[in-house]
$ cat model_22.cif   # mmCIF, C-alpha atoms
data_run
loop_
_atom_site.group_PDB
_atom_site.id
_atom_site.type_symbol
_atom_site.label_atom_id
_atom_site.label_comp_id
_atom_site.auth_asym_id
_atom_site.auth_seq_id
_atom_site.Cartn_x
_atom_site.Cartn_y
_atom_site.Cartn_z
ATOM 1 C CA MET A 104 0.000 0.000 0.000
ATOM 2 C CA LEU A 105 2.788 2.406 0.837
ATOM 3 C CA THR A 106 4.515 1.573 -2.424
ATOM 4 C CA SER A 107 1.403 2.362 -4.484
ATOM 5 C CA ARG A 108 0.926 5.628 -2.623
ATOM 6 C CA ASN A 109 4.512 6.605 -3.350
ATOM 7 C CA LYS A 110 4.066 5.820 -7.032
ATOM 8 C CA LEU A 111 1.007 8.087 -7.368
ATOM 9 C CA PRO A 112 2.825 11.417 -6.819
ATOM 10 C CA SER A 113 5.599 10.240 -9.134
ATOM 11 C CA PHE A 114 3.063 9.360 -11.850
ATOM 12 C CA THR A 115 1.327 12.723 -11.418
ATOM 13 C CA SER A 116 4.633 14.579 -11.663
ATOM 14 C CA SER A 117 5.514 12.673 -14.830
ATOM 15 C CA CYS A 118 2.156 13.539 -16.415
ATOM 16 C CA ILE A 119 2.610 17.207 -15.544
ATOM 17 C CA ALA A 120 6.140 17.170 -16.967
ATOM 18 C CA VAL A 121 4.961 15.574 -20.223
ATOM 19 C CA PHE A 122 2.107 18.056 -20.521
ATOM 20 C CA LEU A 123 4.428 21.025 -19.967
ATOM 21 C CA ILE A 124 6.912 19.700 -22.529
ATOM 22 C CA LEU A 125 4.178 19.239 -25.145
ATOM 23 C CA PHE A 126 2.735 22.651 -24.350
ATOM 24 C CA SER A 127 6.189 24.258 -24.701
ATOM 25 C CA ILE A 128 6.732 22.577 -28.070
ATOM 26 C CA ALA A 129 3.299 23.663 -29.315
ATOM 27 C CA SER A 130 4.013 27.243 -28.201
ATOM 28 C CA PHE A 131 7.444 27.287 -29.851
ATOM 29 C CA ILE A 132 6.367 25.894 -33.241
ATOM 30 C CA PRO A 133 4.809 29.146 -34.605
ATOM 31 C CA PHE A 134 7.857 31.164 -33.588
ATOM 32 C CA TYR A 135 10.182 28.561 -35.098
ATOM 33 C CA TYR A 136 8.235 28.784 -38.358
ATOM 34 C CA VAL A 137 8.703 32.566 -38.384
ATOM 35 C CA ILE A 138 12.476 32.201 -37.935
ATOM 36 C CA VAL A 139 12.835 29.538 -40.615
ATOM 37 C CA ALA A 140 10.594 31.367 -43.091
ATOM 38 C CA SER A 141 12.480 34.647 -42.594
ATOM 39 C CA PHE A 142 15.738 33.002 -43.717
ATOM 40 C CA SER A 143 14.170 31.039 -46.590
ATOM 41 C CA ASN A 144 13.685 31.810 -50.247
ATOM 42 C CA PRO A 145 9.999 32.852 -50.400
ATOM 43 C CA ASP A 146 9.554 31.031 -53.704
ATOM 44 C CA LEU A 147 10.290 27.746 -51.898
ATOM 45 C CA VAL A 148 8.072 28.399 -48.879
ATOM 46 C CA GLU A 149 4.462 27.311 -48.598
ATOM 47 C CA GLU A 150 2.845 29.750 -46.190
ATOM 48 C CA GLY A 151 1.575 27.988 -43.068
ATOM 49 C CA LYS A 152 3.518 24.749 -43.718
ATOM 50 C CA LEU A 153 6.090 23.855 -41.066
ATOM 51 C CA MET A 154 9.711 23.479 -42.180
ATOM 52 C CA LEU A 155 12.556 22.023 -40.164
ATOM 53 C CA PHE A 156 15.272 24.035 -41.911
ATOM 54 C CA PRO A 157 15.401 27.143 -44.156
ATOM 55 C CA LYS A 158 14.927 26.480 -47.850
ATOM 56 C CA GLY A 159 17.247 28.466 -50.078
ATOM 57 C CA PHE A 160 18.962 30.300 -47.206
ATOM 58 C CA THR A 161 18.964 34.082 -47.682
ATOM 59 C CA ILE A 162 19.134 37.225 -45.539
ATOM 60 C CA ASP A 163 17.692 39.569 -48.173
ATOM 61 C CA ALA A 164 14.628 40.231 -46.020
ATOM 62 C CA TYR A 165 16.762 41.380 -43.077
ATOM 63 C CA VAL A 166 18.912 43.586 -45.294
ATOM 64 C CA GLU A 167 15.795 45.176 -46.766
ATOM 65 C CA ILE A 168 14.036 45.712 -43.449
ATOM 66 C CA LEU A 169 17.125 47.217 -41.790
ATOM 67 C CA LYS A 170 17.370 49.726 -44.649
ATOM 68 C CA ASN A 171 13.775 50.788 -44.044
ATOM 69 C CA ASP A 172 13.757 54.148 -42.238
ATOM 70 C CA LYS A 173 10.209 53.617 -40.998
ATOM 71 C CA PHE A 174 11.138 50.357 -39.292
ATOM 72 C CA ILE A 175 14.279 51.837 -37.717
ATOM 73 C CA ASN A 176 12.364 54.890 -36.463
ATOM 74 C CA SER A 177 9.556 52.819 -34.963
ATOM 75 C CA PHE A 178 12.117 50.479 -33.393
ATOM 76 C CA ILE A 179 13.916 53.411 -31.726
ATOM 77 C CA VAL A 180 10.635 54.946 -30.508
ATOM 78 C CA THR A 181 9.586 51.613 -29.018
ATOM 79 C CA ILE A 182 12.924 51.281 -27.203
ATOM 80 C CA GLU A 183 12.574 54.811 -25.812
ATOM 81 C CA ARG A 184 8.996 54.152 -24.748
ATOM 82 C CA THR A 185 9.947 50.852 -23.085
ATOM 83 C CA LEU A 186 12.914 52.261 -21.165
ATOM 84 C CA LEU A 187 11.094 55.410 -20.062
ATOM 85 C CA GLY A 188 7.927 53.535 -19.159
ATOM 86 C CA THR A 189 9.723 50.800 -17.225
ATOM 87 C CA VAL A 190 11.768 53.260 -15.157
ATOM 88 C CA LEU A 191 8.774 55.498 -14.412
ATOM 89 C CA ASN A 192 6.421 52.625 -13.650
ATOM 90 C CA LEU A 193 8.876 50.905 -11.330
ATOM 91 C CA ALA A 194 9.718 54.142 -9.513
ATOM 92 C CA LEU A 195 6.070 54.950 -8.802
ATOM 93 C CA GLN A 196 4.883 51.423 -8.064
ATOM 94 C CA LEU A 197 7.808 50.590 -5.774
ATOM 95 C CA THR A 198 7.446 53.744 -3.689
ATOM 96 C CA ILE A 199 3.670 53.318 -3.374
ATOM 97 C CA ALA A 200 4.005 49.645 -2.428
ATOM 98 C CA TYR A 201 6.718 50.428 0.124
ATOM 99 C CA SER A 202 4.570 53.094 1.769
ATOM 100 C CA LEU A 203 1.498 50.858 1.900
ATOM 101 C CA SER A 204 3.500 48.019 3.449
ATOM 102 C CA LYS A 205 4.000 50.096 6.625
ATOM 103 C CA SER A 206 1.298 49.564 9.233
ATOM 104 C CA TYR A 207 2.097 52.908 10.862
ATOM 105 C CA LEU A 208 1.200 54.890 7.709
ATOM 106 C CA PRO A 209 -1.696 57.276 8.575
ATOM 107 C CA GLY A 210 -4.795 56.456 6.511
ATOM 108 C CA ARG A 211 -3.235 53.246 5.179
ATOM 109 C CA ARG A 212 -6.517 51.339 5.054
ATOM 110 C CA LEU A 213 -8.253 54.181 3.220
ATOM 111 C CA PHE A 214 -5.480 54.349 0.621
ATOM 112 C CA LEU A 215 -5.723 50.600 0.098
ATOM 113 C CA ILE A 216 -9.475 50.863 -0.483
ATOM 114 C CA PHE A 217 -8.981 53.580 -3.095
ATOM 115 C CA ILE A 218 -6.337 51.513 -4.874
ATOM 116 C CA ILE A 219 -8.401 48.312 -4.872
ATOM 117 C CA ILE A 220 -11.395 50.203 -6.294
ATOM 118 C CA THR A 221 -9.312 51.073 -9.360
ATOM 119 C CA LEU A 222 -8.637 47.358 -9.792
ATOM 120 C CA LEU A 223 -12.368 46.625 -9.937
ATOM 121 C CA PHE A 224 -13.607 49.634 -11.893
ATOM 122 C CA ASN A 225 -12.153 51.478 -14.886
ATOM 123 C CA GLY A 226 -13.180 54.784 -16.399
ATOM 124 C CA GLY A 227 -13.019 53.457 -19.957
ATOM 125 C CA ILE A 228 -11.399 54.595 -23.189
ATOM 126 C CA VAL A 229 -13.360 57.819 -23.771
ATOM 127 C CA PRO A 230 -12.830 59.397 -20.305
ATOM 128 C CA THR A 231 -9.170 58.388 -20.386
ATOM 129 C CA TYR A 232 -8.746 59.917 -23.831
ATOM 130 C CA LEU A 233 -10.376 63.183 -22.669
ATOM 131 C CA ILE A 234 -8.023 63.360 -19.693
ATOM 132 C CA VAL A 235 -4.976 62.721 -21.872
ATOM 133 C CA LYS A 236 -6.171 65.321 -24.385
ATOM 134 C CA ASN A 237 -6.956 68.019 -21.818
ATOM 135 C CA THR A 238 -3.580 67.561 -20.135
ATOM 136 C CA GLY A 239 -1.792 68.177 -23.448
ATOM 137 C CA LEU A 240 -0.269 64.708 -23.776
ATOM 138 C CA ILE A 241 -1.749 63.854 -27.167
ATOM 139 C CA ASP A 242 0.898 63.160 -29.804
ATOM 140 C CA THR A 243 3.720 62.931 -27.245
ATOM 141 C CA ILE A 244 5.588 59.925 -25.929
ATOM 142 C CA TRP A 245 4.237 60.746 -22.453
ATOM 143 C CA ALA A 246 0.787 59.678 -23.628
ATOM 144 C CA LEU A 247 2.190 56.149 -23.905
ATOM 145 C CA VAL A 248 3.758 56.170 -20.452
ATOM 146 C CA ILE A 249 1.792 58.247 -17.928
ATOM 147 C CA PRO A 250 -1.757 56.776 -18.307
ATOM 148 C CA SER A 251 -0.451 53.277 -17.542
ATOM 149 C CA ALA A 252 2.182 54.323 -15.004
ATOM 150 C CA ILE A 253 0.427 52.647 -12.075
ATOM 151 C CA SER A 254 -0.612 49.010 -12.106
ATOM 152 C CA THR A 255 -2.784 48.196 -9.094
ATOM 153 C CA TRP A 256 -1.986 44.508 -9.366
ATOM 154 C CA ASN A 257 1.772 45.129 -9.337
ATOM 155 C CA VAL A 258 1.445 47.458 -6.347
ATOM 156 C CA ILE A 259 -0.414 44.797 -4.372
ATOM 157 C CA LEU A 260 2.184 42.141 -5.233
ATOM 158 C CA LEU A 261 5.111 44.389 -4.315
ATOM 159 C CA ARG A 262 3.382 45.432 -1.087
ATOM 160 C CA SER A 263 3.044 41.778 -0.092
ATOM 161 C CA PHE A 264 6.720 41.204 -0.848
ATOM 162 C CA PHE A 265 7.819 44.236 1.209
ATOM 163 C CA GLU A 266 5.694 43.039 4.125
ATOM 164 C CA SER A 267 7.599 39.736 4.118
ATOM 165 C CA VAL A 268 10.895 41.545 4.833
ATOM 166 C CA PRO A 269 11.716 41.225 8.573
ATOM 167 C CA SER A 270 10.860 44.423 10.424
ATOM 168 C CA SER A 271 13.925 43.916 12.628
ATOM 169 C CA LEU A 272 16.127 45.066 9.745
ATOM 170 C CA GLU A 273 14.310 48.377 9.578
ATOM 171 C CA GLU A 274 14.408 48.799 13.351
ATOM 172 C CA SER A 275 18.164 48.199 13.398
ATOM 173 C CA ALA A 276 18.698 50.739 10.608
ATOM 174 C CA ARG A 277 16.605 53.356 12.375
ATOM 175 C CA THR A 278 18.609 52.795 15.545
ATOM 176 C CA ASP A 279 21.706 53.714 13.530
ATOM 177 C CA GLY A 280 20.014 56.903 12.323
ATOM 178 C CA ALA A 281 18.856 55.809 8.857
ATOM 179 C CA ASN A 282 15.869 57.572 7.295
ATOM 180 C CA ASP A 283 13.108 56.104 5.124
ATOM 181 C CA ILE A 284 14.888 56.810 1.834
ATOM 182 C CA TYR A 285 18.081 55.091 3.005
ATOM 183 C CA ILE A 286 16.139 52.097 4.344
ATOM 184 C CA PHE A 287 14.180 51.745 1.119
ATOM 185 C CA TRP A 288 17.228 52.108 -1.140
ATOM 186 C CA ARG A 289 19.823 50.119 0.817
ATOM 187 C CA ILE A 290 17.715 47.434 2.528
ATOM 188 C CA TYR A 291 14.377 46.807 0.851
ATOM 189 C CA LEU A 292 15.416 47.136 -2.790
ATOM 190 C CA PRO A 293 18.399 44.732 -2.606
ATOM 191 C CA LEU A 294 16.286 42.168 -0.749
ATOM 192 C CA SER A 295 13.446 42.615 -3.242
ATOM 193 C CA LEU A 296 15.545 42.259 -6.381
ATOM 194 C CA PRO A 297 13.729 39.084 -7.582
ATOM 195 C CA ALA A 298 10.352 40.823 -7.240
ATOM 196 C CA VAL A 299 11.592 44.029 -8.859
ATOM 197 C CA SER A 300 13.154 42.112 -11.768
ATOM 198 C CA THR A 301 10.004 40.084 -12.356
ATOM 199 C CA ILE A 302 7.653 43.068 -12.238
ATOM 200 C CA GLY A 303 10.115 45.071 -14.357
ATOM 201 C CA LEU A 304 10.131 42.338 -17.005
ATOM 202 C CA PHE A 305 6.331 42.286 -17.108
ATOM 203 C CA ILE A 306 6.221 46.079 -17.433
ATOM 204 C CA ALA A 307 8.877 46.165 -20.167
ATOM 205 C CA VAL A 308 7.181 43.428 -22.212
ATOM 206 C CA ASN A 309 3.829 45.189 -21.840
ATOM 207 C CA HIS A 310 5.283 48.474 -23.118
ATOM 208 C CA TRP A 311 7.131 46.711 -25.931
ATOM 209 C CA ASN A 312 4.026 44.902 -27.165
ATOM 210 C CA SER A 313 1.531 47.697 -26.508
ATOM 211 C CA PHE A 314 -0.467 48.697 -29.553
ATOM 212 C CA MET A 315 -3.841 50.272 -28.804
ATOM 213 C CA ASP A 316 -2.652 53.311 -26.835
ATOM 214 C CA ALA A 317 -0.383 54.348 -29.722
ATOM 215 C CA VAL A 318 -3.318 54.106 -32.127
ATOM 216 C CA ILE A 319 -5.525 56.226 -29.854
ATOM 217 C CA TYR A 320 -3.123 58.903 -28.627
ATOM 218 C CA LEU A 321 -0.598 59.371 -31.457
ATOM 219 C CA ASN A 322 -1.133 61.165 -34.745
ATOM 220 C CA SER A 323 2.459 61.880 -35.761
ATOM 221 C CA TYR A 324 4.119 59.237 -37.907
ATOM 222 C CA ASP A 325 7.479 60.068 -36.291
ATOM 223 C CA LEU A 326 6.180 58.625 -32.990
ATOM 224 C CA GLN A 327 4.866 55.411 -34.506
ATOM 225 C CA VAL A 328 5.707 52.374 -32.362
ATOM 226 C CA LEU A 329 6.867 49.031 -33.690
ATOM 227 C CA GLN A 330 3.557 47.223 -33.245
ATOM 228 C CA VAL A 331 1.718 49.857 -35.305
ATOM 229 C CA TYR A 332 4.363 49.526 -38.013
ATOM 230 C CA LEU A 333 3.812 45.760 -38.115
ATOM 231 C CA ARG A 334 0.057 46.304 -38.347
ATOM 232 C CA ASP A 335 0.522 48.692 -41.261
ATOM 233 C CA MET A 336 2.818 46.198 -42.972
ATOM 234 C CA VAL A 337 0.190 43.457 -42.726
ATOM 235 C CA VAL A 338 -2.499 45.793 -44.082
ATOM 236 C CA ARG A 339 -0.293 46.829 -47.004
ATOM 237 C CA GLN A 340 0.496 43.192 -47.726
ATOM 238 C CA GLU A 341 -3.200 42.315 -47.820
ATOM 239 C CA VAL A 342 -3.909 45.179 -50.196
ATOM 240 C CA GLN A 343 -1.064 44.135 -52.478
ATOM 241 C CA ALA A 344 -2.290 40.533 -52.385
ATOM 242 C CA LEU A 345 -5.704 41.714 -53.593
ATOM 243 C CA LEU A 346 -3.961 43.512 -56.442
ATOM 244 C CA GLY A 347 -2.025 40.363 -57.343
ATOM 245 C CA ASP A 348 1.377 41.640 -56.168
ATOM 246 C CA SER A 349 3.295 39.308 -53.799
ATOM 247 C CA THR A 350 6.283 41.593 -53.297
ATOM 248 C CA PHE A 351 6.760 44.413 -50.805
ATOM 249 C CA ASP A 352 8.050 47.692 -52.262
ATOM 250 C CA GLY A 353 8.888 45.724 -55.395
ATOM 251 C CA ASN A 354 12.026 44.058 -54.018
ATOM 252 C CA VAL A 355 11.430 41.331 -51.445
ATOM 253 C CA SER A 356 8.518 38.982 -50.852
ATOM 254 C CA SER A 357 5.978 40.242 -48.336
ATOM 255 C CA LEU A 358 6.149 36.899 -46.488
ATOM 256 C CA SER A 359 9.898 37.260 -45.976
ATOM 257 C CA LEU A 360 9.587 40.845 -44.754
ATOM 258 C CA ARG A 361 6.742 40.026 -42.407
ATOM 259 C CA THR A 362 8.554 37.125 -40.762
ATOM 260 C CA ALA A 363 11.841 39.049 -40.560
ATOM 261 C CA SER A 364 10.090 42.032 -38.956
ATOM 262 C CA ILE A 365 8.324 39.830 -36.419
ATOM 263 C CA PHE A 366 11.581 38.119 -35.456
ATOM 264 C CA LEU A 367 13.460 41.414 -35.101
ATOM 265 C CA SER A 368 10.642 42.877 -33.006
ATOM 266 C CA ALA A 369 10.806 39.915 -30.591
ATOM 267 C CA LEU A 370 14.611 39.747 -30.481
ATOM 268 C CA PRO A 371 15.217 42.392 -27.734
ATOM 269 C CA VAL A 372 12.936 40.573 -25.294
ATOM 270 C CA LEU A 373 14.608 37.252 -26.118
ATOM 271 C CA LEU A 374 18.023 38.781 -25.461
ATOM 272 C CA LEU A 375 16.886 40.423 -22.227
ATOM 273 C CA TYR A 376 15.336 37.374 -20.584
ATOM 274 C CA PRO A 377 18.518 35.258 -20.052
ATOM 275 C CA PHE A 378 20.133 38.052 -18.017
ATOM 276 C CA ILE A 379 17.279 38.214 -15.506
ATOM 277 C CA GLN A 380 16.223 34.565 -15.651
ATOM 278 C CA LYS A 381 17.613 33.719 -12.225
ATOM 279 C CA TYR A 382 15.727 36.630 -10.649
ATOM 280 C CA PHE A 383 12.604 35.815 -12.648
ATOM 281 C CA ILE A 384 12.508 32.227 -11.340
ATOM 282 C CA LYS A 385 12.757 33.503 -7.755
ATOM 283 C CA GLY A 386 10.196 36.217 -8.311
ATOM 284 C CA VAL A 387 7.388 34.277 -9.990
ATOM 285 C CA MET A 388 6.067 33.390 -6.525
ATOM 286 C CA ILE A 389 6.143 36.915 -5.123
ATOM 287 C CA GLY A 390 3.465 37.439 -2.551
ATOM 288 C CA ALA A 391 2.544 33.737 -2.480
ATOM 289 C CA VAL A 392 4.541 32.879 0.652
ATOM 290 C CA LYS A 393 4.843 35.189 3.595
ATOM 291 C CA GLY A 394 7.081 34.262 6.450
#

$ encode --input "model_22.cif" --output "structure tokens"
Amino acid sequence: MLTSRNKLPSFTSSCIAVFLILFSIASFIPFYYVIVASFSNPDLVEEGKLMLFPKGFTIDAYVEILKNDKFINSFIVTIERTLLGTVLNLALQLTIAYSLSKSYLPGRRLFLIFIIITLLFNGGIVPTYLIVKNTGLIDTIWALVIPSAISTWNVILLRSFFESVPSSLEESARTDGANDIYIFWRIYLPLSLPAVSTIGLFIAVNHWNSFMDAVIYLNSYDLQVLQVYLRDMVVRQEVQALLGDSTFDGNVSSLSLRTASIFLSALPVLLLYPFIQKYFIKGVMIGAVKG
């Protein structure tokens, strides 16, 4: 009986492992197709058909896309938006979460109620647009950063993480004459690096992939973000397909340019993740265990 009971958790773990492996493979297949198709001769590629290796290896699509001023401009704007948004969001969310984690904060419960209400109710697109317009943020990069600067969910997670830090560390620092800024910067932030890295990654990916706010708030083509550029490319490709033209700008196949653009747009996130992987693994459980 004991042997059968011991085998059950092992069998369950094996099933979960197999499921996760299959799920990972299924998730990776579309991205693998994009990579292979971007390096293949478009005349040898059947759209939607999986290939193990590139057919007729070529980098013409990457050369063409990197010579495109519109792509380069949108890429730079997206980088600026991601860096600015991540820094601003983390600065505001960390300071708010740190303040709310202190039981001696006057009106702490009232502040928490106000914050949780924003998690349950949202003003909607039209009121938000009117606020952005009346504050003069339309057609500026700040329109992409300020309206989404505070994430209630992130604040709650970071608050839970700060509350798990032993209060004795703060008491010892105050005994030595440290103020709140010193305690936050030299004690709480280093101890909360896994949480900060995880939340920072989520914020950066959200800014990098954001699309709708740029469509709503931006009119200038010079501030076009990468996701809007990719949308425009797909629309142009569909129009050209209706006209019977399978090339983009008369040089390279639209399929090759689309896949190359998608891969280049995902590349920064893929390069960033390995550097913060160890913190990400520690931080995925932030707020789940409090001791």

$ atom_distance --input "model_22.cif" --atom1 "CA of Leu223 (chain A)" --atom2 "CA of Ile253 (chain A)"
14.3 Å

$ resolve_selection --input "model_22.cif" --expression "the PyMOL selection byres ((chain A and resi 257-270) around 8)" --output "list of chain:residue names"
A:Gln196, A:Leu197, A:Ile199, A:Ala200, A:Tyr201, A:Leu203, A:Ser204, A:Lys205, A:Ile253, A:Ser254, A:Thr255, A:Trp256, A:Ser271, A:Leu272, A:Glu273, A:Glu274, A:Tyr291, A:Leu294, A:Ser295, A:Ala298, A:Val299, A:Ile302, A:Ile389, A:Gly390, A:Lys393, A:Gly394

$ atom_distance --input "model_22.cif" --atom1 "CA of Phe314 (chain A)" --atom2 "CA of Leu329 (chain A)"
8.4 Å

$ residues_around --input "model_22.cif" --residues "region 246-248 of chain A" --least-positions-apart "6" --cutoff "7 Å" --atoms "all atoms listed in the file" --output "list in words"
Gly188, Val235, Leu240, Asp316, Ala317 and Tyr320 of chain A

$ write_last_selection --input "model_22.cif" --atoms "C-alpha atoms" --output "mmCIF file, in the frame of the given file"
data_model
loop_
_atom_site.group_PDB
_atom_site.id
_atom_site.type_symbol
_atom_site.label_atom_id
_atom_site.label_comp_id
_atom_site.auth_asym_id
_atom_site.auth_seq_id
_atom_site.Cartn_x
_atom_site.Cartn_y
_atom_site.Cartn_z
ATOM 1 C CA GLY A 188 7.927 53.535 -19.159
ATOM 2 C CA VAL A 235 -4.976 62.721 -21.872
ATOM 3 C CA LEU A 240 -0.269 64.708 -23.776
ATOM 4 C CA ASP A 316 -2.652 53.311 -26.835
ATOM 5 C CA ALA A 317 -0.383 54.348 -29.722
ATOM 6 C CA TYR A 320 -3.123 58.903 -28.627
#

$ atom_distance --input "model_22.cif" --atom1 "CA of Ser275 (chain A)" --atom2 "CA of Arg289 (chain A)"
12.8 Å

$ closest_residue --input "model_22.cif" --among "A:Ile220, A:Leu195, A:Ala307, A:Met336" --to "Thr362 (chain A)" --atoms "only C-alpha atoms"
A:Met336

$ resolve_selection --input "model_22.cif" --expression "the PyMOL selection byres ((chain A and resi 129-143) around 12)" --output "MDAnalysis selection string"
chainID A and resid 122:128 144:168 355:370 373
